[in-house]
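The structure under discussion appears below in the form of structure tokens.
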Amino acid sequence: MKQIPVKTDIEAQETFKTEVLEPLVEQAQAGKLSLFFVDAAHFVMLPFLGYLYSLTVRFIKAASGRQRFSVLGALNVVTKEVVTITDHGYINAVSVCALLQKLHAQFRQLPIVVILDNARYQRCALVEETARQLEIQLIFLPPYSPNLNLIERLWKFVKKKTLYNQYYAGYEQFHKAISNCLEQTGTTYKQDLDTLLVAKFQSFKNAIIQP
């Protein structure tokens, strides 16, 4: 059983997917533009437990505190290349502007289009003005549409590889493990991600929703 956010507008999602998202993917695959999916992941240094059946109570070591490593990423829909801005705290509008500038510096040979959600620090005057100056087109997803943001799958993959059933004695080990995983998306994990990050998007159009 899978969950659908209660505020999801299924009709709006379907219209966006067929009239905006899929045509953009086709243009990117044809080499007419560079298309990126942008989102932030906030990795908190806490235990991510697996499952074990046991007749006795078992204990594991767990890190204390709630140190946070935040990654703002841009995923290229064609090459699967990941461009990141990281912070040992929170992502904000300045972080998004820095990412746009990084994209412009690396990919300005083609028109750049960025797909992103409606987080306040992304849909603000500073970010929109920076995008305008850099001639980057921003396209915002319908509200509550993580299923249409391709980079969400990458974050789940990184968590599975670096957090689940893992123990880190210190914060430095923790954030380096995440960074190392992201650095290997085009090498060690390329085959896995080429399959996982296929630009096919889940539709709820014919979903059976339980009351």
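By convention in this document, the chains of the structure tokens carry letters A, B, ... by their order, each chain's residues are numbered from 1, and ligands are numbered from 1 in the order they are shown.
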Taking only chain A into account, list the residues labelled strand (DSSP E) by DSSP (computed from the backbone), as a ChimeraX atom specification. /A:34-44,68-76,82-87,112-116,136-140
Quick one: residues within 8 Å of segment 186-193 of chain A, only C-alpha atoms counted, chain neighbours fewer than 2 positions away excluded, as a list in words?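 What passes the distance filter is Lys80, Glu81, Leu154, Glu183, Gln184, Thr195, Leu196 and Leu197 of chain A.
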One decimal place gives the atom CA of Phe69 of chain A-atom CA of Phe174 of chain A separation as 8.5 Å
Per DSSP on the backbone, what are the alpha helix (DSSP H) residues of segment 91-155 of chain A, as a ChimeraX atom specification? /A:93-107,125-134,151-155
Just the number, please: distance in Å from atom CA of Glu128 of chain A to atom CA of Ser34 of chain A, one decimal.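 Taking atom CA of Glu128 of chain A as the start and atom CA of Ser34 of chain A as the end point, the length is 18.2 Å.
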The residue from A:Val44, A:Ala30, A:Leu100, A:Leu72 with the smallest atom-to-atom distance to Tyr168 of chain A, counting only C-alpha atoms, is A:Val44
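If only C-alpha atoms are the atoms counted, then among A:Asn76, A:Asn180, A:Gln166, A:Thr86 the closest residue to Val198 of chain A is A:Asn76.
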With distances taken over only C-alpha atoms, the candidate from A:Phe107, A:Val20, A:Phe43, A:Val25 nearest Val77 of chain A is A:Val25
Using only C-alpha atoms, can you tell me which of A:Leu55, A:Leu75, A:Val158, A:Leu163 comes closest to Asp39 of chain A?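 Of A:Leu55, A:Leu75, A:Val158, A:Leu163, the one nearest Asp39 of chain A is A:Leu75, counting only C-alpha atoms.
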Residues near Arg68 of chain A, anyone? I mean within 8 Å using only C-alpha atoms, not counting same-chain ones fewer than 4 positions away, as a PDB file with N, CA and C atoms, in the first residue's frame.
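Below is the file out.pdb, written as the result:
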ATOM      1  N   HIS A  42      17.502  16.933   3.750  1.00  0.00           N
ATOM      2  CA  HIS A  42      18.055  17.305   5.053  1.00  0.00           C
ATOM      3  C   HIS A  42      18.341  16.013   5.819  1.00  0.00           C
ATOM      4  N   PHE A  43      19.603  15.646   5.865  1.00  0.00           N
ATOM      5  CA  PHE A  43      20.018  14.411   6.516  1.00  0.00           C
ATOM      6  C   PHE A  43      20.339  14.705   7.978  1.00  0.00           C
ATOM      7  N   VAL A  44      19.602  14.079   8.882  1.00  0.00           N
ATOM      8  CA  VAL A  44      19.786  14.301  10.317  1.00  0.00           C
ATOM      9  C   VAL A  44      20.491  13.087  10.912  1.00  0.00           C
ATOM     10  N   MET A  45      21.493  13.354  11.746  1.00  0.00           N
ATOM     11  CA  MET A  45      22.303  12.279  12.326  1.00  0.00           C
ATOM     12  C   MET A  45      21.534  11.580  13.447  1.00  0.00           C
ATOM     13  N   HIS A  88      25.924  22.775   6.551  1.00  0.00           N
ATOM     14  CA  HIS A  88      25.832  22.063   7.820  1.00  0.00           C
ATOM     15  C   HIS A  88      24.732  22.675   8.686  1.00  0.00           C
ATOM     16  N   GLY A  89      23.687  23.088   8.052  1.00  0.00           N
ATOM     17  CA  GLY A  89      22.547  23.679   8.738  1.00  0.00           C
ATOM     18  C   GLY A  89      21.340  23.595   7.844  1.00  0.00           C
ATOM     19  N   TYR A  90      20.888  24.735   7.361  1.00  0.00           N
ATOM     20  CA  TYR A  90      19.655  24.776   6.580  1.00  0.00           C
ATOM     21  C   TYR A  90      19.904  25.358   5.189  1.00  0.00           C
TER      22      TYR A  90
END
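The nearest approach to Ala93 of chain A among the residues A:Arg108, A:Arg132, A:Lys156, A:Arg123, with only C-alpha atoms taken into account, belongs to A:Arg123.
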When you count only C-alpha atoms, which of these residues is closest to Val78 of chain A: A:Ala28, A:Leu46, A:Cys124, A:His104?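 Of A:Ala28, A:Leu46, A:Cys124, A:His104, the one nearest Val78 of chain A, counting only C-alpha atoms, is A:Ala28.
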May I have the residues within 9 Å of Thr130 of chain A as a list in words, using only C-alpha atoms and disregarding those fewer than 5 positions away in the same chain?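 The filter keeps Cys97, Leu100, Gln101, Ala125, Glu135 and Ile136 of chain A.
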Export of prior selection with C-alpha atoms as an mmCIF file, in the first residue's frame:
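As written to disk, selection-v1.cif reads:
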data_model
loop_
_atom_site.group_PDB
_atom_site.id
_atom_site.type_symbol
_atom_site.label_atom_id
_atom_site.label_comp_id
_atom_site.auth_asym_id
_atom_site.auth_seq_id
_atom_site.Cartn_x
_atom_site.Cartn_y
_atom_site.Cartn_z
ATOM 1 C CA CYS A 97 20.761 31.218 -6.006
ATOM 2 C CA LEU A 100 21.486 28.430 -10.165
ATOM 3 C CA GLN A 101 24.789 30.240 -10.640
ATOM 4 C CA ALA A 125 11.678 37.226 -5.329
ATOM 5 C CA GLU A 135 18.246 33.359 -18.183
ATOM 6 C CA ILE A 136 17.230 30.163 -16.379
#
Could you tell me how far atom CA of Phe201 of chain A sits from atom CA of Glu19 of chain A, in Å to one decimal place?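 Here the two named atoms are 13.1 Å from each other.
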